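Beneath this line is the structure, given in structure tokens, with notes to follow.
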There are 2 protein chains.
Amino acid sequence: MGRPRTFDEDQVVEAARRQFWETGYHGTSVGDLARATGLGKGSLYGAFGDKHQLFLRVLDEYCAGAERGVVALVDGPEDEALDRAHQWLLRTARSSTTRGCFLAKGTAELSRTDPEVAERAATTFGVLVDACTALVEQAQRAGQVDAGADAHTLGTLIVTTQRGLEALGKGGLDTDSLVSAADAAVAGMRIPQPA
Amino acid sequence: MGRPRTFDEDQVVEAARRQFWETGYHGTSVGDLARATGLGKGSLYGAFGDKHQLFLRVLDEYCAGAERGVVALVDGPEDEALDRAHQWLLRTARSSTTRGCFLAKGTAELSRTDPEVAERAATTFGVLVDACTALVEQAQRAGQVDAGADAHTLGTLIVTTQRGLEALGKGGLDTDSLVSAADAAVAGMRIPQPA
DNA sequence: ACCGATATGGAACGCTCGTTCATAACGGAC
DNA sequence: GTCCGTTATGAACGAGCGTTCCATATCGGT
């Protein structure tokens, strides 16, 4: 029944993401998207609605992936929880020099004028904070973080650091400085081990 | 000789900044700018060149102001240097929920495709890091920060935290969490005072 | 009072935008 | 083999874009 599609939907979303990532929402034309995905304009509209809906689709999948990546950090031995958070920060410090985070770019450009984007972003940031809070609680139980500290505050601080590393990487700071800063951020919340 | 201008150039730049701030570069049309500034399109082009030049002018003045604000923090008693950094972070945590930082928005949208924007942003971030590094050095001499730590690393960490607070504020996190995170960030680098 | 020079504001230009639509291509059902 | 429902394509459309241009206004200098 009906002519079958000749494209893979996930591949198209991925190509659209690359394009939006490079040139932003308003900086990307539907013609650009057609070229990037290999589809005709009509096909794009038929499959995804309009430009805005396609962007939301791309954003949603990106956010879901980012959430999955951080939530996965929560699983693991409690005495390595702080190390897992550390690794997460280091990954950001090392990788963000290229193109930055898609969510950060989308939020910066649109969250002020686009409620749907703002809401999706807020949800993701909330998930990040919750996951990092859980990591801090693990580290507290393992005796690596002061048990008297507020876990939610320190979880927020970890996400704050991660977002800051991303912003500065995109802004042109050198990787070495960012890696050192990530190390220092974790060191600042770790209880010194008795020698 | 010649008809004098009827507008104040600084006021026009300020109005343009508000508009770019709200809707971004690609999301702002020259018609929007004409309406926001009250000038005709011809006057805008006559006074500022084209849209891109006007944006760079706006960005440059914003960056200069941001640099001045942080460099001013360096002046003051050494034993209050860490407190001044703290206040800077608190200011960001409390204010960024509204519209975010213009530099962050401009960098996110354009730094990848616009070398002039990228360069101006990188310069500003460098100035921020240098100023915060100086603050850390003061705090080290005052005995409030471990003198063995690398001042540049901790200076970078302060700027990282500031950028992160900005990003999360724009992303919808509540002010109280951000303020707590700012407190915790400073607490993490302060040497505990003997009771 | 006149002139050269600059500012003003909006009409006009060519182009690109996001979106729609007509038509062709295709695969299963009968 | 002939429909039928779906997909694919790019031409077509009106609106809006960034930019230019020009007729008019307004100044300082003579």
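Convention: chains lettered A, B, ... in structure tokens order; per-chain residue numbering from 1; ligands numbered from 1 as shown.
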
Task: 9 Å contacts from chain A to chain D using only C-alpha atoms (C1' of nucleotides), as a list in words - done: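 So the residues of chain A near chain D are Met1, Gly2, Arg3, Pro4, Arg5, Thr6, Leu39, Gly40, Lys41, Gly42, Ser43 and Gly46 of chain A.
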
Open item on the list: Could you tell me which residues of chain C sit within 6 Å of chain A when counting only C-alpha atoms (C1' of nucleotides), and give me the result as a PyMOL selection string?
Closed with: chain C and resi 26-28

Could you dump the residues just selected with C-alpha atoms (C1' of nucleotides) as an mmCIF file, in the first residue's frame?
```cif
data_model
loop_
_atom_site.group_PDB
_atom_site.id
_atom_site.type_symbol
_atom_site.label_atom_id
_atom_site.label_comp_id
_atom_site.auth_asym_id
_atom_site.auth_seq_id
_atom_site.Cartn_x
_atom_site.Cartn_y
_atom_site.Cartn_z
ATOM 1 C "C1'" DC C 26 6.247 3.117 -7.146
ATOM 2 C "C1'" DG C 27 4.321 -1.258 -4.613
ATOM 3 C "C1'" DG C 28 0.609 -3.947 -3.081
#
```

Per residue of chain A within 7 Å of chain B, note the shortest atom pair and the distance in Å to one decimal, counting only C-alpha atoms, and order the rows by chain and increasing residue number, as JSON lines.
```
{"residue": "A:Glu22", "atom": "CA", "partner": "B:Arg112", "partner_atom": "CA", "distance": 7.0}
{"residue": "A:Gly24", "atom": "CA", "partner": "B:Glu109", "partner_atom": "CA", "distance": 6.2}
{"residue": "A:His26", "atom": "CA", "partner": "B:His26", "partner_atom": "CA", "distance": 5.4}
{"residue": "A:Gly27", "atom": "CA", "partner": "B:His26", "partner_atom": "CA", "distance": 5.7}
{"residue": "A:Arg99", "atom": "CA", "partner": "B:Arg112", "partner_atom": "CA", "distance": 6.9}
{"residue": "A:Lys105", "atom": "CA", "partner": "B:Ala108", "partner_atom": "CA", "distance": 5.1}
{"residue": "A:Thr107", "atom": "CA", "partner": "B:Gly171", "partner_atom": "CA", "distance": 6.8}
{"residue": "A:Ala108", "atom": "CA", "partner": "B:Lys105", "partner_atom": "CA", "distance": 5.1}
{"residue": "A:Glu109", "atom": "CA", "partner": "B:Glu109", "partner_atom": "CA", "distance": 6.2}
{"residue": "A:Arg112", "atom": "CA", "partner": "B:Arg99", "partner_atom": "CA", "distance": 6.8}
{"residue": "A:Ala118", "atom": "CA", "partner": "B:Gly171", "partner_atom": "CA", "distance": 6.9}
{"residue": "A:Ala121", "atom": "CA", "partner": "B:Gly171", "partner_atom": "CA", "distance": 6.2}
{"residue": "A:Ala122", "atom": "CA", "partner": "B:Gly172", "partner_atom": "CA", "distance": 5.3}
{"residue": "A:Thr153", "atom": "CA", "partner": "B:Ala181", "partner_atom": "CA", "distance": 5.3}
{"residue": "A:Leu154", "atom": "CA", "partner": "B:Ala181", "partner_atom": "CA", "distance": 6.4}
{"residue": "A:Thr156", "atom": "CA", "partner": "B:Ala181", "partner_atom": "CA", "distance": 6.0}
{"residue": "A:Leu157", "atom": "CA", "partner": "B:Ala181", "partner_atom": "CA", "distance": 4.8}
{"residue": "A:Thr160", "atom": "CA", "partner": "B:Gly164", "partner_atom": "CA", "distance": 4.3}
{"residue": "A:Thr161", "atom": "CA", "partner": "B:Thr161", "partner_atom": "CA", "distance": 5.4}
{"residue": "A:Gln162", "atom": "CA", "partner": "B:Gly164", "partner_atom": "CA", "distance": 7.0}
{"residue": "A:Arg163", "atom": "CA", "partner": "B:Gly164", "partner_atom": "CA", "distance": 4.6}
{"residue": "A:Gly164", "atom": "CA", "partner": "B:Gly164", "partner_atom": "CA", "distance": 3.7}
{"residue": "A:Leu165", "atom": "CA", "partner": "B:Thr160", "partner_atom": "CA", "distance": 5.7}
{"residue": "A:Ala167", "atom": "CA", "partner": "B:Arg163", "partner_atom": "CA", "distance": 6.5}
{"residue": "A:Leu168", "atom": "CA", "partner": "B:Thr160", "partner_atom": "CA", "distance": 6.8}
{"residue": "A:Gly171", "atom": "CA", "partner": "B:Ala122", "partner_atom": "CA", "distance": 5.5}
{"residue": "A:Gly172", "atom": "CA", "partner": "B:Ala122", "partner_atom": "CA", "distance": 5.3}
{"residue": "A:Ser177", "atom": "CA", "partner": "B:Thr153", "partner_atom": "CA", "distance": 6.3}
{"residue": "A:Ser180", "atom": "CA", "partner": "B:Thr153", "partner_atom": "CA", "distance": 5.8}
{"residue": "A:Ala181", "atom": "CA", "partner": "B:Leu157", "partner_atom": "CA", "distance": 4.8}
{"residue": "A:Ala184", "atom": "CA", "partner": "B:Leu154", "partner_atom": "CA", "distance": 7.0}
{"residue": "A:Ala185", "atom": "CA", "partner": "B:Leu157", "partner_atom": "CA", "distance": 6.9}
{"residue": "A:Gly188", "atom": "CA", "partner": "B:Gly188", "partner_atom": "CA", "distance": 4.2}
{"residue": "A:Met189", "atom": "CA", "partner": "B:Gly188", "partner_atom": "CA", "distance": 5.8}
```

Those same residues, written as a PDB file, in the first residue's frame with C-alpha atoms?
```
ATOM      1  CA  GLU A  22      26.749  24.188  11.966  1.00  0.00           C
ATOM      2  CA  GLY A  24      21.912  27.388  13.737  1.00  0.00           C
ATOM      3  CA  HIS A  26      17.645  30.878  11.665  1.00  0.00           C
ATOM      4  CA  GLY A  27      20.916  30.514   9.804  1.00  0.00           C
ATOM      5  CA  ARG A  99      31.642  22.617  17.615  1.00  0.00           C
ATOM      6  CA  LYS A 105      23.602  26.334  20.807  1.00  0.00           C
ATOM      7  CA  THR A 107      19.092  27.069  23.810  1.00  0.00           C
ATOM      8  CA  ALA A 108      21.174  30.173  23.346  1.00  0.00           C
ATOM      9  CA  GLU A 109      19.605  31.010  20.030  1.00  0.00           C
ATOM     10  CA  ARG A 112      14.133  33.191  24.739  1.00  0.00           C
ATOM     11  CA  ALA A 118      12.971  26.291  26.272  1.00  0.00           C
ATOM     12  CA  ALA A 121      16.082  22.262  27.334  1.00  0.00           C
ATOM     13  CA  ALA A 122      14.894  22.822  30.890  1.00  0.00           C
ATOM     14  CA  THR A 153      23.951  21.877  45.393  1.00  0.00           C
ATOM     15  CA  LEU A 154      27.061  19.921  44.470  1.00  0.00           C
ATOM     16  CA  THR A 156      24.212  21.512  40.309  1.00  0.00           C
ATOM     17  CA  LEU A 157      27.817  22.636  40.615  1.00  0.00           C
ATOM     18  CA  THR A 160      27.486  24.156  36.049  1.00  0.00           C
ATOM     19  CA  THR A 161      31.123  23.242  35.554  1.00  0.00           C
ATOM     20  CA  GLN A 162      30.275  21.035  32.620  1.00  0.00           C
ATOM     21  CA  ARG A 163      28.262  23.796  30.933  1.00  0.00           C
ATOM     22  CA  GLY A 164      31.031  26.292  31.616  1.00  0.00           C
ATOM     23  CA  LEU A 165      33.676  24.042  30.099  1.00  0.00           C
ATOM     24  CA  ALA A 167      31.004  27.431  26.723  1.00  0.00           C
ATOM     25  CA  LEU A 168      34.697  28.223  27.100  1.00  0.00           C
ATOM     26  CA  GLY A 171      34.771  30.320  22.992  1.00  0.00           C
ATOM     27  CA  GLY A 172      38.285  29.350  22.071  1.00  0.00           C
ATOM     28  CA  SER A 177      43.445  24.940  30.672  1.00  0.00           C
ATOM     29  CA  SER A 180      43.105  21.534  34.509  1.00  0.00           C
ATOM     30  CA  ALA A 181      39.997  23.438  35.523  1.00  0.00           C
ATOM     31  CA  ALA A 184      40.425  21.432  40.062  1.00  0.00           C
ATOM     32  CA  ALA A 185      36.627  21.440  40.176  1.00  0.00           C
ATOM     33  CA  GLY A 188      37.514  21.078  45.341  1.00  0.00           C
ATOM     34  CA  MET A 189      34.725  18.773  46.384  1.00  0.00           C
TER      35      MET A 189
END
```

Open item on the list: List the spatial neighbours of Gln138 of chain B as a list in words - criterion: any atom at most 9 Å away, only C-alpha atoms (C1' of nucleotides), same-chain residues fewer than 5 positions off excluded.
Closed with: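 Surrounding residues, per the criterion: Val74, Pro77, Glu78, Asp79, Glu80, Ala81, Leu82, Thr133, Gly143, Gln144 and Val145 of chain B.
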
TODO: Determine which residues of segment 10-86 of chain A receive a DSSP assignment of helix (DSSP H, G or I), computed from the backbone, and state them as JSON, numbers by chain.
DONE: {"A": [10, 11, 12, 13, 14, 15, 16, 17, 18, 19, 20, 21, 22, 23, 30, 31, 32, 33, 34, 35, 36, 37, 41, 42, 43, 44, 45, 46, 47, 48, 51, 52, 53, 54, 55, 56, 57, 58, 59, 60, 61, 62, 63, 64, 65, 66, 67, 68, 69, 70, 71, 72, 73, 74, 78, 79, 80, 81, 82, 83, 84, 85, 86]}

Could you take the residues named above and write them with C-alpha atoms, as a PDB file, in the first residue's frame?
```
ATOM      1  CA  ASP A  10      17.175   8.470  11.439  1.00  0.00           C
ATOM      2  CA  GLN A  11      19.824   9.276   8.873  1.00  0.00           C
ATOM      3  CA  VAL A  12      17.828  12.287   7.714  1.00  0.00           C
ATOM      4  CA  VAL A  13      17.456  13.548  11.273  1.00  0.00           C
ATOM      5  CA  GLU A  14      21.163  13.095  11.775  1.00  0.00           C
ATOM      6  CA  ALA A  15      21.997  15.033   8.626  1.00  0.00           C
ATOM      7  CA  ALA A  16      19.597  17.786   9.644  1.00  0.00           C
ATOM      8  CA  ARG A  17      21.243  17.909  13.051  1.00  0.00           C
ATOM      9  CA  ARG A  18      24.655  18.381  11.487  1.00  0.00           C
ATOM     10  CA  GLN A  19      23.331  21.259   9.424  1.00  0.00           C
ATOM     11  CA  PHE A  20      21.500  22.973  12.304  1.00  0.00           C
ATOM     12  CA  TRP A  21      24.561  22.431  14.457  1.00  0.00           C
ATOM     13  CA  GLU A  22      26.749  24.188  11.966  1.00  0.00           C
ATOM     14  CA  THR A  23      24.594  27.179  11.064  1.00  0.00           C
ATOM     15  CA  VAL A  30      15.113  24.663   4.103  1.00  0.00           C
ATOM     16  CA  GLY A  31      17.202  24.545   0.945  1.00  0.00           C
ATOM     17  CA  ASP A  32      20.262  23.869   3.099  1.00  0.00           C
ATOM     18  CA  LEU A  33      18.385  21.059   4.816  1.00  0.00           C
ATOM     19  CA  ALA A  34      17.324  19.577   1.505  1.00  0.00           C
ATOM     20  CA  ARG A  35      20.918  19.593   0.307  1.00  0.00           C
ATOM     21  CA  ALA A  36      22.239  18.162   3.585  1.00  0.00           C
ATOM     22  CA  THR A  37      19.704  15.366   3.725  1.00  0.00           C
ATOM     23  CA  LYS A  41      11.834  20.053  -0.075  1.00  0.00           C
ATOM     24  CA  GLY A  42       8.491  18.393  -0.577  1.00  0.00           C
ATOM     25  CA  SER A  43       9.735  15.152   0.947  1.00  0.00           C
ATOM     26  CA  LEU A  44      11.006  16.970   4.003  1.00  0.00           C
ATOM     27  CA  TYR A  45       7.665  18.625   4.520  1.00  0.00           C
ATOM     28  CA  GLY A  46       5.815  15.391   3.925  1.00  0.00           C
ATOM     29  CA  ALA A  47       7.888  13.440   6.413  1.00  0.00           C
ATOM     30  CA  PHE A  48       8.564  15.960   9.167  1.00  0.00           C
ATOM     31  CA  LYS A  51      11.235  23.471   9.520  1.00  0.00           C
ATOM     32  CA  HIS A  52      10.348  24.146  13.116  1.00  0.00           C
ATOM     33  CA  GLN A  53       8.975  20.671  13.729  1.00  0.00           C
ATOM     34  CA  LEU A  54      12.066  19.148  12.194  1.00  0.00           C
ATOM     35  CA  PHE A  55      14.236  21.207  14.497  1.00  0.00           C
ATOM     36  CA  LEU A  56      12.254  20.087  17.532  1.00  0.00           C
ATOM     37  CA  ARG A  57      12.603  16.494  16.391  1.00  0.00           C
ATOM     38  CA  VAL A  58      16.360  16.907  16.076  1.00  0.00           C
ATOM     39  CA  LEU A  59      16.591  18.662  19.423  1.00  0.00           C
ATOM     40  CA  ASP A  60      14.503  16.045  21.153  1.00  0.00           C
ATOM     41  CA  GLU A  61      16.664  13.185  19.942  1.00  0.00           C
ATOM     42  CA  TYR A  62      19.816  15.048  20.888  1.00  0.00           C
ATOM     43  CA  CYS A  63      18.484  15.754  24.381  1.00  0.00           C
ATOM     44  CA  ALA A  64      17.402  12.175  24.842  1.00  0.00           C
ATOM     45  CA  GLY A  65      20.893  11.018  23.932  1.00  0.00           C
ATOM     46  CA  ALA A  66      22.542  13.487  26.276  1.00  0.00           C
ATOM     47  CA  GLU A  67      20.248  12.403  29.094  1.00  0.00           C
ATOM     48  CA  ARG A  68      20.973   8.765  28.436  1.00  0.00           C
ATOM     49  CA  GLY A  69      24.709   9.424  28.505  1.00  0.00           C
ATOM     50  CA  VAL A  70      24.636  11.062  31.911  1.00  0.00           C
ATOM     51  CA  VAL A  71      22.083   8.786  33.505  1.00  0.00           C
ATOM     52  CA  ALA A  72      24.336   5.883  32.504  1.00  0.00           C
ATOM     53  CA  LEU A  73      27.032   7.413  34.708  1.00  0.00           C
ATOM     54  CA  VAL A  74      24.936   6.738  37.784  1.00  0.00           C
ATOM     55  CA  GLU A  78      29.834   4.047  44.687  1.00  0.00           C
ATOM     56  CA  ASP A  79      33.502   4.581  45.439  1.00  0.00           C
ATOM     57  CA  GLU A  80      34.068   5.452  41.772  1.00  0.00           C
ATOM     58  CA  ALA A  81      31.108   7.810  41.438  1.00  0.00           C
ATOM     59  CA  LEU A  82      33.239  10.916  41.790  1.00  0.00           C
ATOM     60  CA  ASP A  83      35.649   9.544  39.218  1.00  0.00           C
ATOM     61  CA  ARG A  84      32.797   9.005  36.792  1.00  0.00           C
ATOM     62  CA  ALA A  85      31.731  12.615  37.235  1.00  0.00           C
ATOM     63  CA  HIS A  86      35.351  13.596  36.714  1.00  0.00           C
TER      64      HIS A  86
END
```

TODO: Grab the atom CA of Ala131 of chain A to atom CA of Ser95 of chain B distance for me, in Å with one decimal place.
DONE: 25.4 Å
